[in-house]
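Structure file model.txt (compact mmCIF, N, CA and C atoms and all ligand atoms) is printed below.
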# COMPACT_ATOMS: atom_id res chain seq x y z
N MET H 1 14.19 -32.19 2.28
CA MET H 1 14.76 -31.50 1.12
C MET H 1 13.99 -31.94 -0.13
N ALA H 2 13.48 -30.99 -0.90
CA ALA H 2 12.67 -31.31 -2.08
C ALA H 2 13.53 -31.58 -3.30
N GLU H 3 13.05 -32.51 -4.11
CA GLU H 3 13.76 -32.87 -5.35
C GLU H 3 12.70 -33.35 -6.33
N GLU H 4 12.73 -32.89 -7.59
CA GLU H 4 11.72 -33.30 -8.57
C GLU H 4 12.21 -34.52 -9.33
N LYS H 5 11.37 -35.58 -9.35
CA LYS H 5 11.75 -36.84 -9.98
C LYS H 5 10.55 -37.46 -10.66
N GLU H 6 10.63 -37.65 -11.97
CA GLU H 6 9.57 -38.29 -12.75
C GLU H 6 8.19 -37.68 -12.47
N GLY H 7 8.08 -36.38 -12.50
CA GLY H 7 6.80 -35.71 -12.31
C GLY H 7 6.38 -35.55 -10.87
N LEU H 8 7.12 -36.11 -9.94
CA LEU H 8 6.80 -35.95 -8.52
C LEU H 8 7.89 -35.15 -7.84
N VAL H 9 7.47 -34.39 -6.85
CA VAL H 9 8.45 -33.69 -6.02
C VAL H 9 8.65 -34.57 -4.79
N THR H 10 9.88 -34.93 -4.52
CA THR H 10 10.13 -35.80 -3.37
C THR H 10 10.49 -34.97 -2.14
N GLU H 11 10.02 -35.49 -1.03
CA GLU H 11 10.33 -34.88 0.26
C GLU H 11 10.86 -35.98 1.17
N THR H 12 11.69 -35.61 2.08
CA THR H 12 12.18 -36.54 3.08
C THR H 12 11.52 -36.19 4.41
N CYS H 13 10.89 -37.19 5.02
CA CYS H 13 10.21 -36.94 6.29
C CYS H 13 11.22 -36.58 7.37
N CYS H 14 10.93 -35.52 8.07
CA CYS H 14 11.84 -35.11 9.13
C CYS H 14 11.65 -35.98 10.39
N GLY H 15 10.56 -36.78 10.39
CA GLY H 15 10.30 -37.64 11.55
C GLY H 15 10.95 -39.02 11.42
N CYS H 16 10.77 -39.67 10.24
CA CYS H 16 11.27 -41.03 10.08
C CYS H 16 12.28 -41.16 8.94
N GLY H 17 12.43 -40.13 8.15
CA GLY H 17 13.44 -40.15 7.10
C GLY H 17 13.01 -40.81 5.81
N VAL H 18 11.74 -41.26 5.70
CA VAL H 18 11.27 -41.89 4.47
C VAL H 18 11.17 -40.83 3.36
N VAL H 19 11.54 -41.24 2.15
CA VAL H 19 11.43 -40.34 1.01
C VAL H 19 10.11 -40.64 0.32
N PHE H 20 9.32 -39.63 0.08
CA PHE H 20 8.01 -39.82 -0.56
C PHE H 20 7.77 -38.72 -1.57
N GLY H 21 6.85 -39.00 -2.51
CA GLY H 21 6.59 -38.06 -3.59
C GLY H 21 5.27 -37.33 -3.45
N MET H 22 5.24 -36.12 -3.95
CA MET H 22 4.02 -35.31 -3.99
C MET H 22 3.93 -34.74 -5.40
N SER H 23 2.69 -34.52 -5.88
CA SER H 23 2.56 -33.88 -7.19
C SER H 23 3.09 -32.45 -7.06
N PRO H 24 3.64 -31.91 -8.14
CA PRO H 24 4.16 -30.53 -8.06
C PRO H 24 3.10 -29.52 -7.59
N ALA H 25 1.84 -29.73 -8.03
CA ALA H 25 0.77 -28.81 -7.63
C ALA H 25 0.51 -28.89 -6.12
N HIS H 26 0.45 -30.12 -5.60
CA HIS H 26 0.21 -30.31 -4.17
C HIS H 26 1.38 -29.74 -3.36
N HIS H 27 2.58 -30.00 -3.83
CA HIS H 27 3.78 -29.50 -3.15
C HIS H 27 3.76 -27.97 -3.11
N ALA H 28 3.42 -27.37 -4.27
CA ALA H 28 3.40 -25.91 -4.35
C ALA H 28 2.33 -25.32 -3.44
N ARG H 29 1.16 -26.02 -3.40
CA ARG H 29 0.06 -25.54 -2.55
C ARG H 29 0.46 -25.58 -1.07
N ARG H 30 1.06 -26.71 -0.65
CA ARG H 30 1.48 -26.81 0.77
C ARG H 30 2.58 -25.80 1.09
N LYS H 31 3.44 -25.55 0.11
CA LYS H 31 4.51 -24.59 0.34
C LYS H 31 3.94 -23.17 0.47
N TYR H 32 2.84 -22.92 -0.30
CA TYR H 32 2.21 -21.61 -0.26
C TYR H 32 1.40 -21.41 1.01
N ASP H 33 0.54 -22.43 1.35
CA ASP H 33 -0.36 -22.21 2.50
C ASP H 33 0.23 -22.69 3.83
N CYS H 34 1.39 -23.36 3.77
CA CYS H 34 2.07 -23.85 4.99
C CYS H 34 1.17 -24.77 5.81
N ASP H 35 0.19 -25.40 5.13
CA ASP H 35 -0.70 -26.33 5.80
C ASP H 35 0.05 -27.66 6.05
N THR H 36 -0.48 -28.46 6.94
CA THR H 36 0.18 -29.71 7.30
C THR H 36 -0.04 -30.77 6.22
N TYR H 37 0.99 -31.52 5.91
CA TYR H 37 0.89 -32.69 5.04
C TYR H 37 1.60 -33.83 5.78
N TYR H 38 1.36 -35.07 5.30
CA TYR H 38 1.84 -36.23 6.06
C TYR H 38 2.71 -37.14 5.21
N CYS H 39 3.70 -37.72 5.83
CA CYS H 39 4.52 -38.73 5.17
C CYS H 39 3.71 -40.02 5.16
N PRO H 40 4.09 -41.04 4.37
CA PRO H 40 3.32 -42.30 4.34
C PRO H 40 3.21 -42.95 5.72
N ASN H 41 4.07 -42.60 6.64
CA ASN H 41 3.99 -43.18 7.99
C ASN H 41 3.19 -42.30 8.96
N GLY H 42 2.58 -41.26 8.42
CA GLY H 42 1.68 -40.45 9.23
C GLY H 42 2.30 -39.32 10.01
N HIS H 43 3.54 -39.00 9.72
CA HIS H 43 4.16 -37.88 10.44
C HIS H 43 3.77 -36.57 9.77
N GLY H 44 3.13 -35.73 10.53
CA GLY H 44 2.71 -34.42 10.01
C GLY H 44 3.90 -33.48 9.90
N GLN H 45 3.91 -32.74 8.85
CA GLN H 45 4.93 -31.71 8.68
C GLN H 45 4.39 -30.57 7.84
N HIS H 46 5.09 -29.50 7.88
CA HIS H 46 4.64 -28.33 7.11
C HIS H 46 5.84 -27.46 6.77
N PHE H 47 5.64 -26.64 5.76
CA PHE H 47 6.67 -25.67 5.40
C PHE H 47 6.49 -24.45 6.30
N THR H 48 7.57 -23.77 6.55
CA THR H 48 7.46 -22.53 7.33
C THR H 48 7.52 -21.34 6.39
N LYS H 49 6.77 -20.33 6.75
CA LYS H 49 6.79 -19.10 5.94
C LYS H 49 8.18 -18.48 6.08
N PRO H 50 8.66 -17.90 4.98
CA PRO H 50 9.95 -17.21 5.10
C PRO H 50 9.82 -16.08 6.10
N SER H 51 10.80 -15.98 6.96
CA SER H 51 10.72 -14.92 7.98
C SER H 51 10.83 -13.55 7.30
N THR H 52 10.01 -12.65 7.79
CA THR H 52 10.04 -11.31 7.21
C THR H 52 11.09 -10.48 7.93
N ASP H 53 11.85 -9.80 7.15
CA ASP H 53 12.89 -8.93 7.68
C ASP H 53 12.23 -7.72 8.33
N PRO H 54 12.60 -7.40 9.58
CA PRO H 54 12.02 -6.22 10.22
C PRO H 54 12.20 -4.95 9.39
N LYS H 55 13.30 -4.91 8.63
CA LYS H 55 13.53 -3.74 7.78
C LYS H 55 12.48 -3.64 6.69
N ASP H 56 12.01 -4.82 6.18
CA ASP H 56 10.96 -4.81 5.16
C ASP H 56 9.67 -4.26 5.74
N THR H 57 9.33 -4.70 6.97
CA THR H 57 8.13 -4.23 7.64
C THR H 57 8.21 -2.71 7.84
N GLU H 58 9.39 -2.26 8.28
CA GLU H 58 9.58 -0.82 8.50
C GLU H 58 9.47 -0.06 7.19
N LEU H 59 10.02 -0.65 6.12
CA LEU H 59 9.96 0.00 4.81
C LEU H 59 8.51 0.15 4.34
N VAL H 60 7.70 -0.88 4.55
CA VAL H 60 6.30 -0.83 4.15
C VAL H 60 5.59 0.28 4.92
N LYS H 61 5.88 0.37 6.24
CA LYS H 61 5.26 1.40 7.08
C LYS H 61 5.70 2.80 6.62
N LEU H 62 6.99 2.94 6.34
CA LEU H 62 7.50 4.24 5.91
C LEU H 62 6.90 4.67 4.57
N ARG H 63 6.72 3.69 3.66
CA ARG H 63 6.12 4.01 2.36
C ARG H 63 4.68 4.48 2.55
N ALA H 64 3.95 3.82 3.47
CA ALA H 64 2.56 4.21 3.74
C ALA H 64 2.52 5.62 4.34
N ASP H 65 3.46 5.87 5.27
CA ASP H 65 3.53 7.20 5.89
C ASP H 65 3.84 8.27 4.84
N LEU H 66 4.75 7.94 3.92
CA LEU H 66 5.12 8.88 2.87
C LEU H 66 3.93 9.19 1.97
N ALA H 67 3.15 8.17 1.63
CA ALA H 67 1.97 8.36 0.79
C ALA H 67 0.97 9.27 1.49
N THR H 68 0.78 9.06 2.82
CA THR H 68 -0.14 9.89 3.59
C THR H 68 0.34 11.34 3.63
N ALA H 69 1.65 11.52 3.89
CA ALA H 69 2.22 12.86 3.97
C ALA H 69 2.14 13.58 2.62
N THR H 70 2.38 12.85 1.53
CA THR H 70 2.31 13.44 0.19
C THR H 70 0.88 13.88 -0.12
N ALA H 71 -0.09 13.05 0.23
CA ALA H 71 -1.49 13.39 -0.01
C ALA H 71 -1.88 14.63 0.79
N LEU H 72 -1.42 14.72 2.05
CA LEU H 72 -1.71 15.88 2.89
C LEU H 72 -1.06 17.14 2.31
N ALA H 73 0.19 17.02 1.84
CA ALA H 73 0.89 18.16 1.26
C ALA H 73 0.18 18.65 0.00
N GLU H 74 -0.31 17.72 -0.83
CA GLU H 74 -1.03 18.11 -2.05
C GLU H 74 -2.33 18.82 -1.70
N LYS H 75 -3.03 18.33 -0.66
CA LYS H 75 -4.30 18.93 -0.23
C LYS H 75 -4.04 20.36 0.28
N LEU H 76 -2.99 20.51 1.11
CA LEU H 76 -2.68 21.83 1.66
C LEU H 76 -2.22 22.79 0.57
N GLN H 77 -1.46 22.30 -0.41
CA GLN H 77 -1.02 23.14 -1.52
C GLN H 77 -2.21 23.63 -2.33
N LYS H 78 -3.20 22.75 -2.53
CA LYS H 78 -4.40 23.12 -3.28
C LYS H 78 -5.16 24.21 -2.52
N GLU H 79 -5.29 24.04 -1.19
CA GLU H 79 -5.98 25.06 -0.38
C GLU H 79 -5.24 26.38 -0.43
N LEU H 80 -3.90 26.32 -0.38
CA LEU H 80 -3.08 27.53 -0.46
C LEU H 80 -3.28 28.23 -1.80
N ASP H 81 -3.30 27.48 -2.89
CA ASP H 81 -3.52 28.05 -4.22
C ASP H 81 -4.88 28.72 -4.31
N GLU H 82 -5.90 28.07 -3.72
CA GLU H 82 -7.25 28.64 -3.75
C GLU H 82 -7.31 29.93 -2.93
N THR H 83 -6.61 29.96 -1.78
CA THR H 83 -6.58 31.15 -0.93
C THR H 83 -5.87 32.29 -1.66
N ARG H 84 -4.77 31.99 -2.36
CA ARG H 84 -4.05 33.00 -3.14
C ARG H 84 -4.95 33.58 -4.22
N LEU H 85 -5.72 32.72 -4.86
CA LEU H 85 -6.63 33.16 -5.92
C LEU H 85 -7.69 34.10 -5.34
N ASP H 86 -8.21 33.75 -4.14
CA ASP H 86 -9.19 34.61 -3.47
C ASP H 86 -8.58 35.97 -3.18
N LEU H 87 -7.34 35.99 -2.70
CA LEU H 87 -6.66 37.25 -2.39
C LEU H 87 -6.45 38.08 -3.65
N GLU H 88 -6.12 37.44 -4.76
CA GLU H 88 -5.92 38.14 -6.03
C GLU H 88 -7.21 38.82 -6.47
N ILE H 89 -8.33 38.13 -6.27
CA ILE H 89 -9.63 38.67 -6.67
C ILE H 89 -9.96 39.91 -5.86
N TRP H 90 -9.66 39.88 -4.54
CA TRP H 90 -10.06 40.98 -3.67
C TRP H 90 -9.00 42.08 -3.54
N LYS H 91 -7.81 41.85 -4.09
CA LYS H 91 -6.74 42.85 -3.97
C LYS H 91 -7.01 44.01 -4.94
N PRO H 92 -6.91 45.26 -4.47
CA PRO H 92 -7.08 46.40 -5.39
C PRO H 92 -6.04 46.33 -6.50
N SER H 93 -6.45 46.71 -7.72
CA SER H 93 -5.54 46.61 -8.84
C SER H 93 -4.43 47.65 -8.76
N LYS H 94 -4.69 48.82 -8.16
CA LYS H 94 -3.65 49.83 -8.01
C LYS H 94 -3.51 50.17 -6.54
N ALA H 95 -2.31 50.58 -6.17
CA ALA H 95 -2.07 50.98 -4.78
C ALA H 95 -2.89 52.23 -4.47
N GLY H 96 -3.55 52.23 -3.34
CA GLY H 96 -4.32 53.40 -2.93
C GLY H 96 -5.73 53.42 -3.47
N GLU H 97 -6.03 52.51 -4.39
CA GLU H 97 -7.38 52.48 -4.96
C GLU H 97 -8.33 51.90 -3.93
N LYS H 98 -9.49 52.52 -3.77
CA LYS H 98 -10.45 52.03 -2.79
C LYS H 98 -11.35 50.98 -3.43
N LEU H 99 -11.69 50.02 -2.60
CA LEU H 99 -12.67 49.05 -3.06
C LEU H 99 -14.03 49.71 -3.01
N VAL H 100 -14.81 49.52 -4.02
CA VAL H 100 -16.15 50.09 -4.05
C VAL H 100 -17.14 48.97 -3.83
N LEU H 101 -17.88 49.11 -2.77
CA LEU H 101 -18.88 48.08 -2.48
C LEU H 101 -20.11 48.33 -3.33
N MET H 102 -20.77 47.26 -3.68
CA MET H 102 -21.96 47.35 -4.52
C MET H 102 -23.03 48.21 -3.85
N SER H 103 -23.13 48.14 -2.53
CA SER H 103 -24.18 48.88 -1.83
C SER H 103 -23.92 50.39 -1.87
N ASP H 104 -22.64 50.80 -2.08
CA ASP H 104 -22.32 52.22 -2.15
C ASP H 104 -22.65 52.82 -3.52
N GLN H 105 -22.78 51.95 -4.50
CA GLN H 105 -23.09 52.47 -5.84
C GLN H 105 -24.59 52.79 -5.91
N LYS H 106 -24.85 53.82 -6.65
CA LYS H 106 -26.25 54.18 -6.84
C LYS H 106 -26.78 53.42 -8.04
N VAL H 107 -27.24 52.24 -7.70
CA VAL H 107 -27.71 51.36 -8.76
C VAL H 107 -29.09 51.82 -9.21
N GLY H 108 -29.22 52.05 -10.47
CA GLY H 108 -30.51 52.38 -11.04
C GLY H 108 -30.98 53.79 -10.73
N ALA H 109 -30.10 54.63 -10.14
CA ALA H 109 -30.49 56.00 -9.82
C ALA H 109 -30.53 56.85 -11.08
N SER H 110 -31.55 57.58 -11.22
CA SER H 110 -31.65 58.45 -12.41
C SER H 110 -31.26 59.87 -12.03
N THR H 111 -30.60 60.52 -12.93
CA THR H 111 -30.20 61.92 -12.67
C THR H 111 -30.84 62.85 -13.62
ZN ZN H 201 7.57 -39.92 8.59
Representation of the structure as structure tokens:
Amino acid sequence: MAEEKEGLVTETCCGCGVVFGMSPAHHARRKYDCDTYYCPNGHGQHFTKPSTDPKDTELVKLRADLATATALAEKLQKELDETRLDLEIWKPSKAGEKLVLMSDQKVGAST
């Protein structure tokens, strides 16, 4: 059990029960990296990483899936908008009006 005393963080060895001090920086580093540290009598010990809740893991996966699905939906919407624009360009302006192809026009013909 950690306790801060006169600039040192104290720990109690789980092997022999001796109370010993660590600098706050060293204590924080071992707590972060979960690397092994030793009591004055040489008993190795380490902090354990907090267990991750399976729901948290699932939430992270679901958020990633949602981001992928949103990106795909935006891409498909953009393609749909472009296709609609193409249809607007090629749609006759009036019902029954024929499209006139450039090759059917007498370009440059003199009368
Ligand atoms: Zn010990």
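Using all atoms listed in the file, residues with at least one atom at most 6.5 Å away from any atom of ligand ZN 201 (chain H) are H:Cys13, H:Cys14, H:Gly15, H:Cys16, H:Gly17, H:Val18, H:Cys39, H:Pro40, H:Asn41, H:Gly42, H:His43, H:Gly44.
Between CA of Phe20 (chain H) and CA of Tyr37 (chain H) the separation is 11.5 Å.
Pairwise distance (atom N of Arg84 (chain H), CA of Ala69 (chain H)) equals 21.3 Å.
Atom pair CA of Glu58 (chain H) / CA of Thr70 (chain H) has a distance of 18.0 Å (rounded to one decimal).
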